[in-house]
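Asker: Quick one: this structure, given as structure tokens, is what I'll be asking you about.
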There are 2 protein chains.
Amino acid sequence: METWMLQALLRRLEGVAVRIILWNGQEFAPSPHSPVATVTICDRGTLFKLLVNPEIHFGDAYRSGRVRVDGNLAVLLEAVFQSRAGGPPRQLSDARPGGSGSGRSNRDALSLWTKLRARALGYLRANTLRRSRKNIHHHYDIGNDFYKLWLDSQLVYTCAYFPSLDDGLEEAQRAKMDYVCRKLGLRPGETVVEAGCGWGALALHMAKHYGARVKAFNVAGEQIAYARHRAAEEGLTQKVEFIEDDYRNISGRFDVFVSVGMLEHVGLSRYDDLGKAIHRSLGASGRGLLHFIGRDQERPLNGWIRKRIFPGTYPPTLRQAMRVLEPRAFSVLDVENLRLHYARTLAFWLERFEKSADLVSSMFDAEFVRAWRLYLAGSLAAFRTGWLQLFQVTFARTASNEIPWTRAYLYREEKPDPWEQPAFTLPQAPAGRGSGGGLLTQER
Amino acid sequence: METWMLQALLRRLEGVAVRIILWNGQEFAPSPHSPVATVTICDRGTLFKLLVNPEIHFGDAYRSGRVRVDGNLAVLLEAVFQSRAGGPPRQLSDARPGGSGSGRSNRDALSLWTKLRARALGYLRANTLRRSRKNIHHHYDIGNDFYKLWLDSQLVYTCAYFPSLDDGLEEAQRAKMDYVCRKLGLRPGETVVEAGCGWGALALHMAKHYGARVKAFNVAGEQIAYARHRAAEEGLTQKVEFIEDDYRNISGRFDVFVSVGMLEHVGLSRYDDLGKAIHRSLGASGRGLLHFIGRDQERPLNGWIRKRIFPGTYPPTLRQAMRVLEPRAFSVLDVENLRLHYARTLAFWLERFEKSADLVSSMFDAEFVRAWRLYLAGSLAAFRTGWLQLFQVTFARTASNEIPWTRAYLYREEKPDPWEQPAFTLPQAPAGRGSGGGLLTQER
């Protein structure tokens, strides 16, 4: 039995530069390359579980200490994700050359099981308003003190943007917020509705630096309290209103809709609700931006992360995300994929988290530290290997021509006249013989 | 009967600033605003047909002279497309405020009929290899001399890119070709496969200005002959090979896949074929670009244009276009919507077309001139009003990290080091206490 399990494990890890140590002291190296990490499996039962459902059980075993990793966890996971067993998404129709028959059929059976199970659980965990709040509370209300230890100083818990590799985390989060505002062409005096405002950094940034008036929604009570406190401290209570409520209850008309890091929490069956909320919120020349973790191929979020860290979360493909906008006649103006920026952001978070690991352990316990280390390292590896993507989708009403002429203004040093409006007007009077000419009158 | 028809017509044109003149001299102005054009309907039968199926019959009537337009045709069509009857795509679930019940139900019935009819015809006109060639020949083999009259000097029959409104058409087509090459990060010595190369301008541009080696496919024989002639004249036959064949027969491995203005001819049921062709063509770090006319909501191409100008053509939504890439594990890096640039491009084409209208009439006939004027003016109006979009989708293999760090390089004046590769490597040795830190080593 044990021999079979070992063989199965080594086969799965073929090509991964890792050293395995078992409970009885035996050592194995599935790859001739020098190992990036050493993985110790502390008992037979753990090895069995790892084979049956690695996606769930590696996480639980690492968390409980029944699997130990010596070496860089993110490096190890990147190697695993790149290998054939955990490799990048397969071509759905073409067989990959050199694929092992039995390996692939084991993986197929497992993935079918995982898929069915996920679907069943999905029904049970549907994102009703009540459950949405519960899911969000589970993660975001752990306590501001915890997040303050490793996020940036403004508690921006989403992908940062690094125009230069010399940028630190605080700089990059500010650059991300500026980038969002520039993509939206935000002008002084405009009104913004934000769905899922976190600790309020973006809403406050829009008010402070772009002169916008913002209504920001969030169901996480601790975050809202913190955001309100910041608004008061910074004298922005007249410009930014934080509302503890679900995006489905958004009301009012705004120039701009923005949602950064929230679509992942919406749930596929609710995309139409979100689309309705956006439609209700915007006037005829309204525009918006959705920033979200996504995938290239449909697949639920990692099972262990859904179980332990982020219940009720789903990273959509770009195709699925279009379901939010398409029925409402919104036009996609721009999509940008920033997954490598998310990997870098997570590298900063992980570094800060490690520095505070002792403190976190005393606030919670050692298991909590390991769980969150795995979550951060695993996410980093997922962005590095293309298992996860980060999309910023800028959109406007289909019928609106108040849109940027080109994207060049986004990358100029000086703060640009947002969405400079070169356009041409069609002359009212007939012009030219067959009435097709004379359309190149310019107006700025 | 006549009164009923007139009332129906005026109701449809409510709000459109047009003057209507009938065969009996009667004049009508459905809107109090001063008219952008005068439309003369020359007989009762024509009016009837316009009411039953304006999408097809306006085109045929204009072409045959049974409807005359005095005034700017593009301006008129833009007004019609913006009006309620021909207005921007409706919200699928929410009623638009102030909508007239009978108007909307008439339109629904008509649009359902149009949809069913299109679907039935679609089956009959499925894009088999043979039919694809026939469809393409129908349009592109009309004769190079015709297109030379109104396209730019390089015969680039796709949307141009105007970084500045001072750019003329030739400049803008060169700018578009440069823009495509920059988005692809094309480097000297790299190999490119182009699906649907038209008269060869882009392939030759890539070879001449970017040092690429190109294999360019096209089923339109006259275009291929022209392209080969250009390659010979410009001394580029060693670098660019023009192949008269369908994209489904592409073979070989390349660094880059590009397709500008071809996806519209592929047909929804063949997207998987195109995806396979792309997948076969690219290696592990391959990347590509699709440039195509699309829509924000699913709808066939205008019936008259499909009947008279471009059979077998379909402008997909972004969502539908994802069907090409998603099954093959390609990652969307960047999407840009350039519809207003297409309107401007068409304005140039229309202007040149009008200047050559007499010559075109002598090459073909007056009906041909009117048909093509309507096609160009109607397309312009469609891009201006959001009925049509223009998407440039840049993609790479999901597992490839050889992708741009940011988009800033696209907008620098000097020719950039394409796809400068700031990235970070994860260190091999364990670093930091819990093995989560030390990931921010930079390597350029």
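Residue names in the structure tokens use chain letters A, B, ... in the order shown, residue numbers from 1 in each chain, and ligand numbers from 1 in the order shown.
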Name the residues in contact with Met262 in chain B at a cut-off of 8 Å, using only C-alpha atoms, excluding same-chain residues fewer than 2 positions from it; report them as an NGL selection string.
Answerer: :B and (195-196 or 259-260 or 264-266 or 291-292)
Asker: Which residues are near range 267-270 of chain B? Cut-off 9 Å, only C-alpha atoms, ignore same chain within fewer than 5 positions. Put them as a short mmCIF file (atom, residue, chain, number, x, y, z; two decimals) with N, CA and C atoms, in the first residue's frame.
Answerer:
data_model
loop_
_atom_site.label_atom_id
_atom_site.label_comp_id
_atom_site.auth_asym_id
_atom_site.auth_seq_id
_atom_site.Cartn_x
_atom_site.Cartn_y
_atom_site.Cartn_z
N ALA B 126 -23.49 28.35 -44.38
CA ALA B 126 -22.40 28.02 -43.46
C ALA B 126 -21.04 28.15 -44.16
N ASN B 127 -20.10 28.59 -43.35
CA ASN B 127 -18.79 28.90 -43.94
C ASN B 127 -17.92 27.69 -44.19
N GLY B 275 -9.12 28.92 -33.37
CA GLY B 275 -8.37 28.68 -32.13
C GLY B 275 -7.34 27.58 -32.31
N GLY B 312 -21.66 36.28 -45.48
CA GLY B 312 -20.95 35.38 -44.57
C GLY B 312 -20.14 36.09 -43.52
N THR B 313 -20.54 37.30 -43.14
CA THR B 313 -19.77 38.08 -42.17
C THR B 313 -20.54 38.22 -40.87
N TYR B 314 -19.83 38.15 -39.75
CA TYR B 314 -20.47 38.28 -38.45
C TYR B 314 -19.56 39.02 -37.48
N PRO B 315 -20.07 40.13 -36.89
CA PRO B 315 -19.25 40.86 -35.92
C PRO B 315 -19.55 40.36 -34.51
N PRO B 316 -18.61 39.67 -33.89
CA PRO B 316 -18.91 39.04 -32.59
C PRO B 316 -18.84 40.03 -31.43
N GLN B 320 -18.16 36.53 -27.32
CA GLN B 320 -18.11 35.47 -28.32
C GLN B 320 -16.68 35.27 -28.82
N ALA B 321 -15.96 36.36 -28.98
CA ALA B 321 -14.58 36.26 -29.48
C ALA B 321 -13.70 35.45 -28.54
N ARG B 323 -14.29 32.78 -27.35
CA ARG B 323 -14.38 31.36 -27.71
C ARG B 323 -13.19 30.91 -28.53
N VAL B 324 -12.55 31.84 -29.20
CA VAL B 324 -11.39 31.47 -30.01
C VAL B 324 -10.22 31.12 -29.09
#
Asker: Which polymer residues have any atom within 12 Å of an atom of Asn249 in chain A, counting only C-alpha atoms, with same-chain residues fewer than 5 positions away left out, as a list in words?
Answerer: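 Here the qualifying residues turn out to be Leu129, Val193, Ala195, Ala216, Phe217, Asn218, Val219, Ile243, Glu244, Asp273, Leu274, Lys276, Ala277, Ile278, Arg280 and Ser281 of chain A.
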Asker: Could you tell me, as a PyMOL selection string, which residues of range 321-397 of chain B DSSP assigns to alpha helix (DSSP H) when given the backbone?
Answerer: chain B and resi 321-325+339-355+357-363+366-385
Asker: Could you pull out the strand (DSSP E) residues of range 15-92 of chain B from DSSP and send them as a list of chain:residue names?
Answerer: B:Val18, B:Arg19, B:Ile20, B:Ile21, B:Glu27, B:Phe28, B:Ala37, B:Thr38, B:Val39, B:Thr40, B:Ile41, B:Val67, B:Arg68, B:Val69, B:Asp70, B:Gly71
Asker: Would you output that residue set with all heavy atoms, as a short mmCIF file (atom, residue, chain, number, x, y, z; two decimals), in the first residue's frame?
Answerer:
data_model
loop_
_atom_site.label_atom_id
_atom_site.label_comp_id
_atom_site.auth_asym_id
_atom_site.auth_seq_id
_atom_site.Cartn_x
_atom_site.Cartn_y
_atom_site.Cartn_z
N VAL B 18 -35.31 64.93 -40.26
CA VAL B 18 -35.29 64.64 -41.69
C VAL B 18 -36.57 65.18 -42.32
O VAL B 18 -37.60 65.31 -41.65
CB VAL B 18 -35.19 63.11 -41.90
CG1 VAL B 18 -36.41 62.38 -41.33
CG2 VAL B 18 -35.00 62.77 -43.38
N ARG B 19 -36.49 65.52 -43.59
CA ARG B 19 -37.71 65.91 -44.32
C ARG B 19 -38.03 64.78 -45.30
O ARG B 19 -37.16 64.26 -45.99
CB ARG B 19 -37.47 67.22 -45.07
CG ARG B 19 -38.73 67.72 -45.78
CD ARG B 19 -38.52 69.12 -46.33
NE ARG B 19 -37.48 69.12 -47.37
CZ ARG B 19 -36.89 70.23 -47.84
NH1 ARG B 19 -37.24 71.40 -47.35
NH2 ARG B 19 -35.97 70.14 -48.78
N ILE B 20 -39.31 64.40 -45.33
CA ILE B 20 -39.74 63.31 -46.21
C ILE B 20 -40.55 63.90 -47.37
O ILE B 20 -41.45 64.72 -47.14
CB ILE B 20 -40.66 62.31 -45.47
CG1 ILE B 20 -40.00 61.84 -44.17
CG2 ILE B 20 -41.01 61.14 -46.37
CD1 ILE B 20 -38.85 60.91 -44.35
N ILE B 21 -40.24 63.51 -48.58
CA ILE B 21 -41.06 63.91 -49.74
C ILE B 21 -41.56 62.64 -50.41
O ILE B 21 -40.80 61.72 -50.68
CB ILE B 21 -40.24 64.74 -50.74
CG1 ILE B 21 -39.68 66.00 -50.06
CG2 ILE B 21 -41.11 65.14 -51.94
CD1 ILE B 21 -38.85 66.88 -50.98
N GLU B 27 -45.02 66.73 -48.45
CA GLU B 27 -43.82 66.82 -47.63
C GLU B 27 -44.16 66.64 -46.16
O GLU B 27 -45.22 67.08 -45.70
CB GLU B 27 -43.17 68.20 -47.80
CG GLU B 27 -42.52 68.39 -49.15
CD GLU B 27 -41.59 69.61 -49.14
OE1 GLU B 27 -41.17 70.04 -48.03
OE2 GLU B 27 -41.30 70.11 -50.23
N PHE B 28 -43.25 66.03 -45.43
CA PHE B 28 -43.46 65.84 -44.00
C PHE B 28 -42.15 66.08 -43.25
O PHE B 28 -41.07 65.80 -43.76
CB PHE B 28 -43.93 64.42 -43.70
CG PHE B 28 -45.21 64.08 -44.37
CD1 PHE B 28 -45.21 63.52 -45.65
CD2 PHE B 28 -46.42 64.35 -43.75
CE1 PHE B 28 -46.41 63.22 -46.29
CE2 PHE B 28 -47.62 64.05 -44.39
CZ PHE B 28 -47.61 63.49 -45.66
N ALA B 37 -31.29 66.16 -43.71
CA ALA B 37 -31.35 65.62 -45.06
C ALA B 37 -32.81 65.56 -45.50
O ALA B 37 -33.72 65.60 -44.68
CB ALA B 37 -30.74 64.22 -45.12
N THR B 38 -32.98 65.45 -46.80
CA THR B 38 -34.32 65.24 -47.36
C THR B 38 -34.35 63.87 -48.01
O THR B 38 -33.49 63.54 -48.84
CB THR B 38 -34.63 66.31 -48.42
OG1 THR B 38 -34.60 67.59 -47.80
CG2 THR B 38 -36.01 66.07 -49.03
N VAL B 39 -35.36 63.09 -47.66
CA VAL B 39 -35.49 61.74 -48.22
C VAL B 39 -36.71 61.71 -49.12
O VAL B 39 -37.83 62.00 -48.66
CB VAL B 39 -35.63 60.70 -47.10
CG1 VAL B 39 -35.86 59.32 -47.70
CG2 VAL B 39 -34.38 60.70 -46.22
N THR B 40 -36.49 61.37 -50.38
CA THR B 40 -37.61 61.29 -51.31
C THR B 40 -37.93 59.82 -51.57
O THR B 40 -37.06 59.03 -51.96
CB THR B 40 -37.24 61.97 -52.64
OG1 THR B 40 -36.82 63.31 -52.37
CG2 THR B 40 -38.44 61.99 -53.58
N ILE B 41 -39.21 59.47 -51.34
CA ILE B 41 -39.66 58.09 -51.58
C ILE B 41 -40.46 58.10 -52.87
O ILE B 41 -41.48 58.79 -52.97
CB ILE B 41 -40.51 57.59 -50.41
CG1 ILE B 41 -39.67 57.68 -49.12
CG2 ILE B 41 -40.98 56.16 -50.66
CD1 ILE B 41 -40.46 57.43 -47.85
N VAL B 67 -35.34 55.42 -53.59
CA VAL B 67 -35.28 56.39 -52.48
C VAL B 67 -34.10 57.28 -52.78
O VAL B 67 -33.03 56.81 -53.16
CB VAL B 67 -35.07 55.68 -51.12
CG1 VAL B 67 -34.55 56.67 -50.07
CG2 VAL B 67 -36.35 55.04 -50.64
N ARG B 68 -34.31 58.60 -52.66
CA ARG B 68 -33.20 59.53 -52.87
C ARG B 68 -32.90 60.26 -51.57
O ARG B 68 -33.81 60.55 -50.79
CB ARG B 68 -33.55 60.54 -53.96
CG ARG B 68 -33.42 60.01 -55.37
CD ARG B 68 -33.28 61.13 -56.38
NE ARG B 68 -34.15 62.26 -56.10
CZ ARG B 68 -35.38 62.40 -56.58
NH1 ARG B 68 -35.90 61.46 -57.35
NH2 ARG B 68 -36.09 63.47 -56.28
N VAL B 69 -31.63 60.52 -51.34
CA VAL B 69 -31.26 61.30 -50.16
C VAL B 69 -30.50 62.53 -50.60
O VAL B 69 -29.47 62.44 -51.26
CB VAL B 69 -30.38 60.47 -49.20
CG1 VAL B 69 -29.88 61.33 -48.02
CG2 VAL B 69 -31.15 59.27 -48.67
N ASP B 70 -31.05 63.70 -50.25
CA ASP B 70 -30.33 64.95 -50.49
C ASP B 70 -29.85 65.47 -49.16
O ASP B 70 -30.64 65.79 -48.27
CB ASP B 70 -31.26 65.97 -51.15
CG ASP B 70 -31.72 65.48 -52.52
OD1 ASP B 70 -30.86 65.43 -53.43
OD2 ASP B 70 -32.89 65.10 -52.66
N GLY B 71 -28.50 65.54 -49.03
CA GLY B 71 -27.95 65.88 -47.73
C GLY B 71 -26.90 64.83 -47.43
O GLY B 71 -26.66 63.91 -48.23
#
Asker: May I have the residues within 7 Å of range 14-17 of chain B as an MDAnalysis selection string, using only C-alpha atoms and disregarding those fewer than 5 positions away in the same chain?
Answerer: chainID B and resid 30:31 33:36 79:80 83
Asker: Export N, CA, C and O atoms of the chosen residues as a PDB file, in the first residue's frame?
Answerer:
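Below is the file that was written, result-v1.pdb:
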ATOM      1  N   PRO B  30     -40.964  65.009 -39.517  1.00  0.00           N
ATOM      2  CA  PRO B  30     -41.314  64.355 -38.255  1.00  0.00           C
ATOM      3  C   PRO B  30     -40.741  65.067 -37.026  1.00  0.00           C
ATOM      4  O   PRO B  30     -41.121  64.782 -35.912  1.00  0.00           O
ATOM      5  N   SER B  31     -39.813  65.942 -37.257  1.00  0.00           N
ATOM      6  CA  SER B  31     -39.183  66.612 -36.123  1.00  0.00           C
ATOM      7  C   SER B  31     -39.177  68.116 -36.356  1.00  0.00           C
ATOM      8  O   SER B  31     -39.050  68.568 -37.479  1.00  0.00           O
ATOM      9  N   HIS B  33     -36.907  70.124 -35.563  1.00  0.00           N
ATOM     10  CA  HIS B  33     -35.556  70.625 -35.834  1.00  0.00           C
ATOM     11  C   HIS B  33     -35.310  70.729 -37.329  1.00  0.00           C
ATOM     12  O   HIS B  33     -35.917  70.013 -38.120  1.00  0.00           O
ATOM     13  N   SER B  34     -34.400  71.612 -37.697  1.00  0.00           N
ATOM     14  CA  SER B  34     -34.141  71.760 -39.129  1.00  0.00           C
ATOM     15  C   SER B  34     -33.476  70.487 -39.649  1.00  0.00           C
ATOM     16  O   SER B  34     -32.595  69.917 -39.018  1.00  0.00           O
ATOM     17  N   PRO B  35     -33.939  70.017 -40.785  1.00  0.00           N
ATOM     18  CA  PRO B  35     -33.569  68.674 -41.251  1.00  0.00           C
ATOM     19  C   PRO B  35     -32.104  68.560 -41.664  1.00  0.00           C
ATOM     20  O   PRO B  35     -31.533  69.482 -42.228  1.00  0.00           O
ATOM     21  N   VAL B  36     -31.486  67.412 -41.379  1.00  0.00           N
ATOM     22  CA  VAL B  36     -30.123  67.143 -41.814  1.00  0.00           C
ATOM     23  C   VAL B  36     -30.122  66.631 -43.251  1.00  0.00           C
ATOM     24  O   VAL B  36     -29.110  66.641 -43.928  1.00  0.00           O
ATOM     25  N   ALA B  79     -28.346  60.019 -37.332  1.00  0.00           N
ATOM     26  CA  ALA B  79     -29.557  60.487 -36.654  1.00  0.00           C
ATOM     27  C   ALA B  79     -30.577  59.354 -36.516  1.00  0.00           C
ATOM     28  O   ALA B  79     -31.214  59.187 -35.483  1.00  0.00           O
ATOM     29  N   VAL B  80     -30.710  58.561 -37.569  1.00  0.00           N
ATOM     30  CA  VAL B  80     -31.668  57.445 -37.506  1.00  0.00           C
ATOM     31  C   VAL B  80     -31.235  56.420 -36.468  1.00  0.00           C
ATOM     32  O   VAL B  80     -32.039  55.961 -35.656  1.00  0.00           O
ATOM     33  N   SER B  83     -31.967  57.449 -33.010  1.00  0.00           N
ATOM     34  CA  SER B  83     -33.372  57.646 -32.638  1.00  0.00           C
ATOM     35  C   SER B  83     -33.921  56.403 -31.961  1.00  0.00           C
ATOM     36  O   SER B  83     -33.312  55.354 -31.968  1.00  0.00           O
TER      37      SER B  83
END
Asker: Env of Leu290 in chain B: 9 Å cut, atoms = only C-alpha atoms, seq-sep filter 6 positions within chain, self excluded. Answer as an mmCIF file with C-alpha atoms, in the first residue's frame.
Answerer:
data_model
loop_
_atom_site.group_PDB
_atom_site.id
_atom_site.type_symbol
_atom_site.label_atom_id
_atom_site.label_comp_id
_atom_site.auth_asym_id
_atom_site.auth_seq_id
_atom_site.Cartn_x
_atom_site.Cartn_y
_atom_site.Cartn_z
ATOM 1 C CA PHE B 257 0.096 35.179 -34.804
ATOM 2 C CA VAL B 258 -1.753 38.173 -36.204
ATOM 3 C CA SER B 259 -5.152 38.630 -37.759
ATOM 4 C CA VAL B 260 -6.445 42.068 -38.693
ATOM 5 C CA GLY B 261 -9.950 42.289 -40.119
ATOM 6 C CA MET B 262 -10.427 38.580 -40.616
ATOM 7 C CA LEU B 263 -12.350 37.245 -37.599
ATOM 8 C CA PHE B 391 -11.583 45.499 -30.782
ATOM 9 C CA GLN B 392 -7.861 44.846 -30.705
ATOM 10 C CA VAL B 393 -7.196 41.843 -28.487
ATOM 11 C CA THR B 394 -3.607 41.054 -27.567
ATOM 12 C CA PHE B 395 -2.981 37.604 -26.119
#
Asker: What's the 6 Å shell around range 397-404 of chain A, counting only C-alpha atoms, without same-chain residues fewer than 3 positions away, as a count of residues only?
Answerer: 7
Asker: Work out how far CA of Gly294 in chain A is from CA of Leu333 in chain B, in Å to one decimal.
Answerer: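 CA of Gly294 in chain A lies 12.2 Å from CA of Leu333 in chain B.
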Asker: Which is closest to chain A among B:Thr317, B:Ser153, B:Asn302, B:Asn72, if we use only C-alpha atoms?
Answerer: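 Closest residue, counting only C-alpha atoms: B:Asn72.
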Asker: Give the answer as one residue: which of B:Cys181, B:Ile224, B:Ile305, B:Leu6 has the shortest atom-to-atom distance to Val256 in chain B, using only C-alpha atoms?
Answerer: B:Cys181
